[in-house]
file structure-v1.cif (mmCIF, C-alpha atoms)
data_start
loop_
_atom_site.group_PDB
_atom_site.id
_atom_site.type_symbol
_atom_site.label_atom_id
_atom_site.label_comp_id
_atom_site.auth_asym_id
_atom_site.auth_seq_id
_atom_site.Cartn_x
_atom_site.Cartn_y
_atom_site.Cartn_z
ATOM 1 C CA MET T 14 155.551 114.049 86.556
ATOM 2 C CA LYS T 15 157.711 111.046 87.323
ATOM 3 C CA PRO T 16 155.357 108.072 86.998
ATOM 4 C CA LEU T 17 154.896 105.059 89.229
ATOM 5 C CA LEU T 18 156.004 102.018 87.227
ATOM 6 C CA LEU T 19 153.924 98.934 87.893
ATOM 7 C CA HIS T 20 155.634 95.846 86.509
ATOM 8 C CA GLY T 21 153.663 92.708 87.248
ATOM 9 C CA HIS T 22 153.043 91.415 83.740
ATOM 10 C CA GLU T 23 155.335 89.476 81.439
ATOM 11 C CA ARG T 24 153.431 90.356 78.287
ATOM 12 C CA ALA T 25 151.476 93.247 76.793
ATOM 13 C CA ILE T 26 148.796 94.838 78.967
ATOM 14 C CA THR T 27 145.318 94.664 77.407
ATOM 15 C CA GLN T 28 143.204 96.714 79.856
ATOM 16 C CA ILE T 29 143.512 98.758 83.042
ATOM 17 C CA LYS T 30 140.631 99.948 85.213
ATOM 18 C CA TYR T 31 140.104 101.826 88.486
ATOM 19 C CA ASN T 32 137.505 100.904 91.057
ATOM 20 C CA ARG T 33 134.881 103.522 91.985
ATOM 21 C CA GLU T 34 136.902 105.036 94.855
ATOM 22 C CA GLY T 35 140.108 105.005 92.835
ATOM 23 C CA ASP T 36 142.268 103.407 95.542
ATOM 24 C CA LEU T 37 142.714 100.232 93.479
ATOM 25 C CA LEU T 38 143.963 99.800 89.914
ATOM 26 C CA PHE T 39 143.266 96.564 88.035
ATOM 27 C CA SER T 40 145.329 95.348 85.096
ATOM 28 C CA CYS T 41 145.098 92.365 82.768
ATOM 29 C CA ALA T 42 147.456 91.298 80.017
ATOM 30 C CA LYS T 43 148.289 88.705 77.398
ATOM 31 C CA ASP T 44 149.804 86.653 80.180
ATOM 32 C CA HIS T 45 147.376 84.599 82.291
ATOM 33 C CA THR T 46 147.382 86.561 85.544
ATOM 34 C CA PRO T 47 145.340 89.736 86.176
ATOM 35 C CA ASN T 48 146.789 92.004 88.886
ATOM 36 C CA VAL T 49 145.383 94.489 91.402
ATOM 37 C CA TRP T 50 147.487 97.402 92.699
ATOM 38 C CA PHE T 51 147.258 100.217 95.218
ATOM 39 C CA SER T 52 147.028 103.276 92.973
ATOM 40 C CA LEU T 53 148.588 105.584 95.580
ATOM 41 C CA ASN T 54 152.018 103.937 95.820
ATOM 42 C CA GLY T 55 152.024 101.270 93.088
ATOM 43 C CA GLU T 56 152.236 98.351 95.522
ATOM 44 C CA ARG T 57 150.816 95.120 94.156
ATOM 45 C CA LEU T 58 147.956 93.921 96.342
ATOM 46 C CA GLY T 59 147.547 90.540 94.677
ATOM 47 C CA THR T 60 146.831 88.437 91.593
ATOM 48 C CA PHE T 61 143.951 86.357 90.247
ATOM 49 C CA ASN T 62 145.302 82.941 89.303
ATOM 50 C CA GLY T 63 143.382 80.493 87.134
ATOM 51 C CA HIS T 64 143.195 81.592 83.486
ATOM 52 C CA ASN T 65 145.006 79.627 80.779
ATOM 53 C CA GLY T 66 145.078 82.243 78.056
ATOM 54 C CA ALA T 67 145.440 85.939 77.329
ATOM 55 C CA VAL T 68 143.052 87.984 79.506
ATOM 56 C CA TRP T 69 141.321 90.587 77.326
ATOM 57 C CA GLY T 70 138.966 92.315 79.755
ATOM 58 C CA ILE T 71 138.604 93.124 83.456
ATOM 59 C CA ASP T 72 136.054 94.992 85.562
ATOM 60 C CA VAL T 73 135.199 95.523 89.231
ATOM 61 C CA ASN T 74 131.748 96.021 90.723
ATOM 62 C CA TRP T 75 130.409 99.166 92.419
ATOM 63 C CA ASP T 76 131.358 98.247 95.996
ATOM 64 C CA SER T 77 134.710 96.604 95.123
ATOM 65 C CA THR T 78 133.796 93.108 96.327
ATOM 66 C CA ARG T 79 133.824 91.197 93.016
ATOM 67 C CA VAL T 80 136.047 91.198 89.925
ATOM 68 C CA ILE T 81 135.182 89.820 86.492
ATOM 69 C CA THR T 82 137.708 88.759 83.847
ATOM 70 C CA GLY T 83 137.291 87.476 80.288
ATOM 71 C CA ALA T 84 140.000 85.557 78.481
ATOM 72 C CA ALA T 85 141.099 83.678 75.376
ATOM 73 C CA ASP T 86 140.772 80.365 77.236
ATOM 74 C CA ASN T 87 137.018 80.520 76.469
ATOM 75 C CA THR T 88 136.022 81.424 80.019
ATOM 76 C CA CYS T 89 134.578 84.371 81.898
ATOM 77 C CA ARG T 90 135.468 84.202 85.610
ATOM 78 C CA ILE T 91 134.162 86.009 88.684
ATOM 79 C CA TRP T 92 136.520 86.491 91.637
ATOM 80 C CA ASP T 93 136.266 87.532 95.256
ATOM 81 C CA LEU T 94 138.360 90.695 95.490
ATOM 82 C CA GLU T 95 139.281 90.401 99.160
ATOM 83 C CA THR T 96 140.708 86.883 98.944
ATOM 84 C CA GLY T 97 141.497 86.560 95.215
ATOM 85 C CA THR T 98 139.616 83.242 95.069
ATOM 86 C CA GLU T 99 137.538 82.233 92.082
ATOM 87 C CA ILE T 100 133.778 82.259 92.712
ATOM 88 C CA THR T 101 132.553 80.825 89.418
ATOM 89 C CA THR T 102 133.640 80.088 85.859
ATOM 90 C CA ILE T 103 131.322 80.534 82.881
ATOM 91 C CA SER T 104 132.511 78.511 79.875
ATOM 92 C CA THR T 105 132.013 80.120 76.461
ATOM 93 C CA GLU T 106 132.113 78.993 72.841
ATOM 94 C CA ASN T 107 134.832 81.469 71.906
ATOM 95 C CA ALA T 108 137.368 83.815 73.456
ATOM 96 C CA VAL T 109 135.816 86.501 75.661
ATOM 97 C CA ARG T 110 136.797 89.919 74.312
ATOM 98 C CA SER T 111 135.189 92.300 76.837
ATOM 99 C CA CYS T 112 133.197 92.022 80.061
ATOM 100 C CA GLY T 113 131.646 94.221 82.729
ATOM 101 C CA PHE T 114 129.391 94.532 85.756
ATOM 102 C CA SER T 115 126.145 96.454 85.556
ATOM 103 C CA TYR T 116 125.934 99.524 87.801
ATOM 104 C CA SER T 117 123.919 97.577 90.369
ATOM 105 C CA GLY T 118 126.427 94.730 90.298
ATOM 106 C CA LYS T 119 123.583 92.213 89.971
ATOM 107 C CA GLN T 120 124.187 91.516 86.300
ATOM 108 C CA ILE T 121 127.229 90.913 84.139
ATOM 109 C CA MET T 122 127.744 91.057 80.395
ATOM 110 C CA TYR T 123 130.474 89.708 78.181
ATOM 111 C CA THR T 124 131.115 89.516 74.440
ATOM 112 C CA THR T 125 132.716 86.693 72.479
ATOM 113 C CA ASP T 126 134.833 86.629 69.320
ATOM 114 C CA LYS T 127 133.785 85.309 65.934
ATOM 115 C CA SER T 128 135.595 82.031 65.139
ATOM 116 C CA MET T 129 135.231 78.259 64.852
ATOM 117 C CA GLY T 130 131.866 78.667 63.128
ATOM 118 C CA PHE T 131 130.365 80.691 65.996
ATOM 119 C CA GLU T 132 129.172 84.262 65.546
ATOM 120 C CA SER T 133 130.368 87.090 67.783
ATOM 121 C CA SER T 134 127.758 87.488 70.532
ATOM 122 C CA VAL T 135 126.887 89.552 73.593
ATOM 123 C CA TYR T 136 125.549 87.792 76.704
ATOM 124 C CA VAL T 137 123.898 89.085 79.900
ATOM 125 C CA PHE T 138 123.697 87.005 83.090
ATOM 126 C CA ASP T 139 121.788 87.566 86.324
ATOM 127 C CA LEU T 140 124.154 86.849 89.210
ATOM 128 C CA GLU T 141 121.259 86.075 91.543
ATOM 129 C CA ALA T 142 120.059 83.174 89.378
ATOM 130 C CA GLY T 143 121.903 79.945 90.167
ATOM 131 C CA LYS T 144 121.711 78.400 86.695
ATOM 132 C CA GLN T 145 122.940 81.587 85.068
ATOM 133 C CA LEU T 146 125.817 81.858 87.523
ATOM 134 C CA LEU T 147 126.958 78.438 86.277
ATOM 135 C CA GLY T 148 126.550 79.510 82.659
ATOM 136 C CA GLU T 149 123.745 77.017 81.969
ATOM 137 C CA ASP T 150 121.272 79.750 81.044
ATOM 138 C CA SER T 151 121.456 83.465 80.250
ATOM 139 C CA LEU T 152 119.223 86.484 80.721
ATOM 140 C CA MET T 153 119.975 87.663 77.189
ATOM 141 C CA LYS T 154 121.994 86.507 74.180
ATOM 142 C CA ALA T 155 122.302 88.491 70.971
ATOM 143 C CA GLN T 156 124.368 87.609 67.913
ATOM 144 C CA SER T 157 126.215 90.205 65.902
ATOM 145 C CA SER T 158 125.906 88.660 62.469
ATOM 146 C CA GLY T 159 128.942 89.336 60.319
ATOM 147 C CA ASN T 160 130.933 91.825 62.363
ATOM 148 C CA LYS T 161 133.032 90.944 65.394
ATOM 149 C CA ILE T 162 132.309 92.827 68.631
ATOM 150 C CA THR T 163 135.595 94.376 69.792
ATOM 151 C CA SER T 164 134.465 96.389 72.846
ATOM 152 C CA ALA T 165 131.379 96.823 75.012
ATOM 153 C CA ILE T 166 130.033 98.885 77.929
ATOM 154 C CA TRP T 167 126.761 99.097 79.873
ATOM 155 C CA GLY T 168 124.396 101.960 79.189
ATOM 156 C CA PRO T 169 122.821 104.132 81.936
ATOM 157 C CA LEU T 170 120.349 102.438 84.311
ATOM 158 C CA ASP T 171 121.419 99.015 82.973
ATOM 159 C CA GLU T 172 118.767 99.253 80.239
ATOM 160 C CA TYR T 173 121.023 98.591 77.263
ATOM 161 C CA ILE T 174 124.543 97.631 76.207
ATOM 162 C CA ILE T 175 126.693 99.587 73.750
ATOM 163 C CA THR T 176 129.069 97.590 71.542
ATOM 164 C CA GLY T 177 131.834 98.679 69.182
ATOM 165 C CA HIS T 178 132.545 96.532 66.138
ATOM 166 C CA GLU T 179 135.357 95.557 63.777
ATOM 167 C CA ASN T 180 133.851 97.525 60.877
ATOM 168 C CA GLY T 181 133.405 100.732 62.928
ATOM 169 C CA ASP T 182 129.735 100.244 63.840
ATOM 170 C CA LEU T 183 128.276 101.285 67.194
ATOM 171 C CA VAL T 184 125.260 99.245 68.281
ATOM 172 C CA LYS T 185 122.837 99.646 71.180
ATOM 173 C CA TRP T 186 121.272 96.372 72.440
ATOM 174 C CA ASP T 187 118.165 96.063 74.622
ATOM 175 C CA VAL T 188 119.108 94.026 77.723
ATOM 176 C CA LEU T 189 115.663 92.424 78.113
ATOM 177 C CA THR T 190 114.930 91.431 74.507
ATOM 178 C CA GLY T 191 118.356 91.243 72.849
ATOM 179 C CA ASN T 192 117.082 93.418 69.980
ATOM 180 C CA GLN T 193 119.123 96.150 68.344
ATOM 181 C CA ILE T 194 117.797 99.549 69.373
ATOM 182 C CA GLN T 195 120.166 101.671 67.309
ATOM 183 C CA ARG T 196 123.143 101.316 64.966
ATOM 184 C CA VAL T 197 125.432 104.040 63.628
ATOM 185 C CA GLN T 198 128.680 103.961 61.685
ATOM 186 C CA GLU T 199 130.854 107.001 62.323
ATOM 187 C CA HIS T 200 134.234 105.200 62.258
ATOM 188 C CA LYS T 201 136.009 103.752 59.225
ATOM 189 C CA GLY T 202 138.078 101.266 61.241
ATOM 190 C CA THR T 203 137.867 98.871 64.161
ATOM 191 C CA ILE T 204 136.649 100.386 67.450
ATOM 192 C CA ASN T 205 139.261 99.359 70.037
ATOM 193 C CA ASP T 206 137.812 100.923 73.187
ATOM 194 C CA LEU T 207 134.675 102.508 74.680
ATOM 195 C CA GLN T 208 134.673 104.535 77.904
ATOM 196 C CA HIS T 209 131.936 106.536 79.653
ATOM 197 C CA TYR T 210 132.060 110.005 81.104
ATOM 198 C CA LYS T 211 131.551 109.902 84.888
ATOM 199 C CA ASP T 212 127.760 110.497 84.690
ATOM 200 C CA GLN T 213 127.378 108.243 81.604
ATOM 201 C CA SER T 214 125.763 111.065 79.619
ATOM 202 C CA MET T 215 128.411 110.685 76.906
ATOM 203 C CA PHE T 216 131.115 108.233 75.913
ATOM 204 C CA ILE T 217 134.299 108.230 73.876
ATOM 205 C CA THR T 218 135.444 105.725 71.268
ATOM 206 C CA ALA T 219 138.991 104.869 70.159
ATOM 207 C CA SER T 220 139.519 103.485 66.667
ATOM 208 C CA LYS T 221 142.096 102.122 64.256
ATOM 209 C CA ASP T 222 141.047 104.859 61.807
ATOM 210 C CA LYS T 223 143.343 107.204 63.822
ATOM 211 C CA THR T 224 140.523 109.086 65.552
ATOM 212 C CA ALA T 225 138.708 109.132 68.868
ATOM 213 C CA LYS T 226 135.116 110.386 68.837
ATOM 214 C CA LEU T 227 132.716 111.673 71.477
ATOM 215 C CA PHE T 228 129.071 110.560 71.404
ATOM 216 C CA ASP T 229 125.893 111.367 73.298
ATOM 217 C CA THR T 230 124.947 108.145 75.102
ATOM 218 C CA ALA T 231 121.175 108.482 74.750
ATOM 219 C CA THR T 232 120.976 109.542 71.094
ATOM 220 C CA PHE T 233 124.315 108.313 69.633
ATOM 221 C CA GLU T 234 124.787 111.830 68.256
ATOM 222 C CA HIS T 235 128.394 112.351 67.165
ATOM 223 C CA LEU T 236 129.663 115.381 69.119
ATOM 224 C CA LYS T 237 133.445 115.737 68.689
ATOM 225 C CA THR T 238 136.405 114.154 66.854
ATOM 226 C CA TYR T 239 140.022 113.987 68.062
ATOM 227 C CA LYS T 240 142.401 113.285 65.162
ATOM 228 C CA THR T 241 145.881 111.739 65.349
ATOM 229 C CA GLU T 242 148.285 110.238 62.815
ATOM 230 C CA ARG T 243 148.286 106.749 64.340
ATOM 231 C CA PRO T 244 145.772 104.107 65.399
ATOM 232 C CA VAL T 245 144.090 104.963 68.721
ATOM 233 C CA ASN T 246 143.847 101.990 71.095
ATOM 234 C CA SER T 247 142.188 103.668 74.078
ATOM 235 C CA ALA T 248 140.651 106.990 75.131
ATOM 236 C CA ALA T 249 139.304 108.363 78.412
ATOM 237 C CA ILE T 250 137.483 111.513 79.564
ATOM 238 C CA SER T 251 138.637 113.496 82.605
ATOM 239 C CA PRO T 252 136.021 113.560 85.401
ATOM 240 C CA ILE T 253 136.895 117.111 86.490
ATOM 241 C CA ARG T 254 138.229 118.972 83.427
ATOM 242 C CA ASP T 255 137.434 119.402 79.736
ATOM 243 C CA HIS T 256 140.250 117.012 78.822
ATOM 244 C CA VAL T 257 140.515 113.674 77.053
ATOM 245 C CA VAL T 258 143.577 111.438 76.902
ATOM 246 C CA LEU T 259 144.352 109.176 73.936
ATOM 247 C CA GLY T 260 146.746 106.232 73.859
ATOM 248 C CA GLY T 261 147.867 104.227 70.863
ATOM 249 C CA GLY T 262 150.715 103.813 68.411
ATOM 250 C CA GLN T 263 151.728 101.612 65.560
ATOM 251 C CA GLU T 264 150.645 98.039 65.220
ATOM 252 C CA ALA T 265 152.724 95.984 67.645
ATOM 253 C CA MET T 266 154.181 93.895 64.813
ATOM 254 C CA ASP T 267 155.693 97.024 63.202
ATOM 255 C CA VAL T 268 157.283 98.426 66.351
ATOM 256 C CA THR T 269 160.674 96.727 65.932
ATOM 257 C CA THR T 270 161.215 98.327 62.526
ATOM 258 C CA THR T 271 161.148 101.926 63.763
ATOM 259 C CA SER T 272 162.677 103.985 66.526
ATOM 260 C CA ALA T 273 160.725 104.880 69.661
ATOM 261 C CA ARG T 274 160.541 108.474 68.462
ATOM 262 C CA ALA T 275 158.977 107.463 65.149
ATOM 263 C CA GLY T 276 156.577 105.072 66.833
ATOM 264 C CA LYS T 277 154.682 107.889 68.542
ATOM 265 C CA PHE T 278 153.943 106.075 71.781
ATOM 266 C CA ASP T 279 152.966 109.223 73.700
ATOM 267 C CA ALA T 280 149.800 109.682 75.678
ATOM 268 C CA ARG T 281 148.129 112.675 74.019
ATOM 269 C CA PHE T 282 145.823 115.186 75.670
ATOM 270 C CA PHE T 283 143.071 117.015 73.787
ATOM 271 C CA HIS T 284 140.562 119.654 74.824
ATOM 272 C CA LEU T 285 137.142 118.027 75.118
ATOM 273 C CA VAL T 286 135.255 120.897 73.464
ATOM 274 C CA PHE T 287 137.737 122.555 71.082
ATOM 275 C CA GLU T 288 139.383 119.293 69.894
ATOM 276 C CA ASP T 289 142.858 120.870 70.128
ATOM 277 C CA GLU T 290 145.853 118.855 71.286
ATOM 278 C CA PHE T 291 147.617 120.642 74.155
ATOM 279 C CA GLY T 292 150.006 118.107 75.657
ATOM 280 C CA ARG T 293 151.866 114.819 75.335
ATOM 281 C CA VAL T 294 153.461 112.491 77.856
ATOM 282 C CA LYS T 295 156.315 110.293 76.641
ATOM 283 C CA ASP T 296 156.749 107.096 78.585
ATOM 284 C CA HIS T 297 156.069 103.669 77.094
ATOM 285 C CA PHE T 298 158.460 101.709 74.871
ATOM 286 C CA GLY T 299 155.619 100.449 72.697
ATOM 287 C CA PRO T 300 151.996 101.204 71.835
ATOM 288 C CA ILE T 301 149.676 102.210 74.678
ATOM 289 C CA ASN T 302 146.827 99.690 74.829
ATOM 290 C CA SER T 303 144.710 101.168 77.629
ATOM 291 C CA VAL T 304 144.316 104.504 79.446
ATOM 292 C CA ALA T 305 142.156 105.482 82.421
ATOM 293 C CA PHE T 306 141.636 108.628 84.503
ATOM 294 C CA HIS T 307 141.594 108.331 88.282
ATOM 295 C CA PRO T 308 138.032 109.008 89.554
ATOM 296 C CA ASP T 309 139.260 112.169 91.307
ATOM 297 C CA GLY T 310 140.790 113.443 88.042
ATOM 298 C CA LYS T 311 144.176 114.213 89.639
ATOM 299 C CA SER T 312 146.082 111.409 87.919
ATOM 300 C CA TYR T 313 145.805 108.981 85.042
ATOM 301 C CA SER T 314 147.239 105.571 84.212
ATOM 302 C CA SER T 315 148.308 103.863 81.023
ATOM 303 C CA GLY T 316 149.084 100.256 80.164
ATOM 304 C CA GLY T 317 151.317 99.377 77.250
ATOM 305 C CA GLU T 318 152.653 96.716 74.948
ATOM 306 C CA ASP T 319 155.851 96.805 77.043
ATOM 307 C CA GLY T 320 154.024 95.143 79.968
ATOM 308 C CA TYR T 321 154.214 98.191 82.247
ATOM 309 C CA ALA T 322 151.336 100.081 83.804
ATOM 310 C CA ARG T 323 152.305 103.674 84.602
ATOM 311 C CA VAL T 324 150.525 105.979 87.029
ATOM 312 C CA HIS T 325 151.043 109.692 86.324
ATOM 313 C CA VAL T 326 150.019 112.243 88.960
ATOM 314 C CA PHE T 327 149.359 115.713 87.573
ATOM 315 C CA ASP T 328 151.185 118.750 88.920
ATOM 316 C CA PRO T 329 149.401 119.897 92.129
ATOM 317 C CA LEU T 330 149.362 123.421 90.688
ATOM 318 C CA PHE T 331 146.664 122.304 88.243
ATOM 319 C CA ASN T 332 144.637 120.054 90.578
#
call {"tool": "encode", "arguments": {"input": "structure-v1.cif", "output": "structure tokens"}}
result
Amino acid sequence: MKPLLLHGHERAITQIKYNREGDLLFSCAKDHTPNVWFSLNGERLGTFNGHNGAVWGIDVNWDSTRVITGAADNTCRIWDLETGTEITTISTENAVRSCGFSYSGKQIMYTTDKSMGFESSVYVFDLEAGKQLLGEDSLMKAQSSGNKITSAIWGPLDEYIITGHENGDLVKWDVLTGNQIQRVQEHKGTINDLQHYKDQSMFITASKDKTAKLFDTATFEHLKTYKTERPVNSAAISPIRDHVVLGGGQEAMDVTTTSARAGKFDARFFHLVFEDEFGRVKDHFGPINSVAFHPDGKSYSSGGEDGYARVHVFDPLFN
């Protein structure tokens, strides 16, 4: 399992994401330039130039024609994937922490940080409404009073949005009204990442409390827990096997005080049902900030604090 090393970022990678077909891999980092790569050979297809701050979130729509990015320069930008040109910029009150297209691709959502007197909020925009495309109006805005939203994903059928919070809360928001439908607190630390299973029937959380947890999407029932001895920054569910992969490590500020072996920067594989760890992959020279399975389940990628994205193809014997 010699990985493909994708080095197009000067600073720590914040998120990686595949498109629906899996032929493209998108990466964004604390530098200003999101990248898109061919996942098969690691060749860089292009960059999206325009942000002036760390880019925290990236997503691509269902038919791979548009890309959305959210950054610390208080903007959420939509790009044309084929040409890399910017279609529109939505200015925000605070840094954009996470963003995403709805399944239909006709709506987008993004969440903002809590700072400068503004509360952390989640917004939904209709891309077919001109005023909303310019950021002058929104389909929905909901404030998360008190607790910063740290991650967010769309629910099935675009009916609601699921957000993870700094205090470990999970909240379900109605897209039409902006009301909270449900709130649970199963984590004791910040939720760093949320990722769906392929049919969106369940999702996995990654938290600073050193666990990743599996939930039923419709009911928020807590199904499984995957325990480690370090903060978990990202977790993903295999689309073809009963496997989950976890990525994490120490806080970045503590990395220089310990050896790579002590830092525990491995990607760790757990059985989805039995919660047992059965494998580790050593690669990054710092914490892993984002992991993603290829849609065909035959490989996975990780993005780390070292600025590298790595694509690992599983042994064909097991595919």
call {"tool": "resolve_selection", "arguments": {"input": "structure-v1.cif", "expression": "the PyMOL selection byres ((chain T and resi 50-59) around 9)", "output": "PyMOL selection string"}}
result
chain T and resi 17-19+21+31+35-40+47-49+60-61+96-97+307+323-324
call {"tool": "write_last_selection", "arguments": {"input": "structure-v1.cif", "atoms": "C-alpha atoms", "output": "CSV table (one decimal), keeping the file's coordinate frame"}}
result
chain,number,residue,atom,x,y,z
T,17,LEU,CA,154.9,105.1,89.2
T,18,LEU,CA,156.0,102.0,87.2
T,19,LEU,CA,153.9,98.9,87.9
T,21,GLY,CA,153.7,92.7,87.2
T,31,TYR,CA,140.1,101.8,88.5
T,35,GLY,CA,140.1,105.0,92.8
T,36,ASP,CA,142.3,103.4,95.5
T,37,LEU,CA,142.7,100.2,93.5
T,38,LEU,CA,144.0,99.8,89.9
T,39,PHE,CA,143.3,96.6,88.0
T,40,SER,CA,145.3,95.3,85.1
T,47,PRO,CA,145.3,89.7,86.2
T,48,ASN,CA,146.8,92.0,88.9
T,49,VAL,CA,145.4,94.5,91.4
T,60,THR,CA,146.8,88.4,91.6
T,61,PHE,CA,144.0,86.4,90.2
T,96,THR,CA,140.7,86.9,98.9
T,97,GLY,CA,141.5,86.6,95.2
T,307,HIS,CA,141.6,108.3,88.3
T,323,ARG,CA,152.3,103.7,84.6
T,324,VAL,CA,150.5,106.0,87.0
call {"tool": "closest_residue", "arguments": {"input": "structure-v1.cif", "among": "T:Thr190, T:Thr105, T:Thr232, T:Ser312", "to": "Met215 (chain T)", "atoms": "only C-alpha atoms"}}
result
T:Thr232
call {"tool": "resolve_selection", "arguments": {"input": "structure-v1.cif", "expression": "the PyMOL selection byres ((chain T and resi 121) around 8)", "output": "list of chain:residue names"}}
result
T:Cys112, T:Gly113, T:Phe114, T:Ser115, T:Gly118, T:Lys119, T:Gln120, T:Met122, T:Tyr123, T:Val137, T:Phe138, T:Asp139, T:Leu140
call {"tool": "atom_distance", "arguments": {"input": "structure-v1.cif", "atom1": "CA of Glu149 (chain T)", "atom2": "CA of Gly168 (chain T)"}}
result
25.1 Å
call {"tool": "resolve_selection", "arguments": {"input": "structure-v1.cif", "expression": "the PyMOL selection byres ((chain T and resi 220-222) around 12)", "output": "NGL selection string"}}
result
:T and (163-164 or 177-183 or 198-207 or 217-219 or 223-227 or 238-248 or 259-264 or 302)
call {"tool": "residues_around", "arguments": {"input": "structure-v1.cif", "residues": "Ala25 (chain T)", "least_positions_apart": "6", "cutoff": "12 Å", "atoms": "only C-alpha atoms", "output": "PyMOL selection string"}}
result
chain T and resi 40-47+67-69+265+297-303+315-322
call {"tool": "closest_residue", "arguments": {"input": "structure-v1.cif", "among": "T:Val197, T:Ala305, T:Val184, T:Ala231", "to": "Ile29 (chain T)", "atoms": "only C-alpha atoms"}}
result
T:Ala305
call {"tool": "atom_distance", "arguments": {"input": "structure-v1.cif", "atom1": "CA of Ser314 (chain T)", "atom2": "CA of Val257 (chain T)"}}
result
12.7 Å
call {"tool": "atom_distance", "arguments": {"input": "structure-v1.cif", "atom1": "CA of Thr82 (chain T)", "atom2": "CA of Phe228 (chain T)"}}
result
26.5 Å
call {"tool": "closest_residue", "arguments": {"input": "structure-v1.cif", "among": "T:Val135, T:Val258, T:Leu170, T:Leu152", "to": "Tyr116 (chain T)", "atoms": "only C-alpha atoms"}}
result
T:Leu170
call {"tool": "residues_near_point", "arguments": {"input": "structure-v1.cif", "point": "(135.4, 94.8, 94.6)", "cutoff": "8 Å", "atoms": "all atoms listed in the file", "output": "PyMOL selection string"}}
result
chain T and resi 32+73-80+93-95
call {"tool": "closest_residue", "arguments": {"input": "structure-v1.cif", "among": "T:Tyr313, T:Trp186, T:Phe287, T:Phe216", "to": "Lys30 (chain T)", "atoms": "only C-alpha atoms"}}
result
T:Tyr313
call {"tool": "residues_around", "arguments": {"input": "structure-v1.cif", "residues": "Ser157 (chain T)", "least_positions_apart": "4", "cutoff": "7 Å", "atoms": "all atoms listed in the file", "output": "NGL selection string"}}
result
:T and (132-134 or 161)
call {"tool": "axis_aligned_box", "arguments": {"input": "structure-v1.cif", "around": "region 105-119 of chain T", "padding_each_side": "6 Å", "output": "lines of an AutoDock Vina configuration file"}}
result
center_x = 130.5
center_y = 89.3
center_z = 81.1
size_x = 25.8
size_y = 32.5
size_z = 30.5
call {"tool": "closest_residue", "arguments": {"input": "structure-v1.cif", "among": "T:Glu234, T:Asp187, T:Asp279, T:Glu106", "to": "Asp296 (chain T)", "atoms": "all atoms listed in the file"}}
result
T:Asp279
call {"tool": "closest_residue", "arguments": {"input": "structure-v1.cif", "among": "T:Arg24, T:Arg90, T:His325, T:His284", "to": "Ser111 (chain T)", "atoms": "all atoms listed in the file"}}
result
T:Arg90
call {"tool": "residues_around", "arguments": {"input": "structure-v1.cif", "residues": "Val109 (chain T)", "least_positions_apart": "6", "cutoff": "7 Å", "atoms": "all atoms listed in the file", "output": "mmCIF file with C-alpha atoms, in the coordinates of the input"}}
result
data_model
loop_
_atom_site.group_PDB
_atom_site.id
_atom_site.type_symbol
_atom_site.label_atom_id
_atom_site.label_comp_id
_atom_site.auth_asym_id
_atom_site.auth_seq_id
_atom_site.Cartn_x
_atom_site.Cartn_y
_atom_site.Cartn_z
ATOM 1 C CA GLY T 83 137.291 87.476 80.288
ATOM 2 C CA ALA T 84 140.000 85.557 78.481
ATOM 3 C CA ALA T 85 141.099 83.678 75.376
ATOM 4 C CA ASN T 87 137.018 80.520 76.469
ATOM 5 C CA THR T 88 136.022 81.424 80.019
ATOM 6 C CA CYS T 89 134.578 84.371 81.898
ATOM 7 C CA TYR T 123 130.474 89.708 78.181
ATOM 8 C CA THR T 124 131.115 89.516 74.440
ATOM 9 C CA THR T 125 132.716 86.693 72.479
ATOM 10 C CA ASP T 126 134.833 86.629 69.320
#
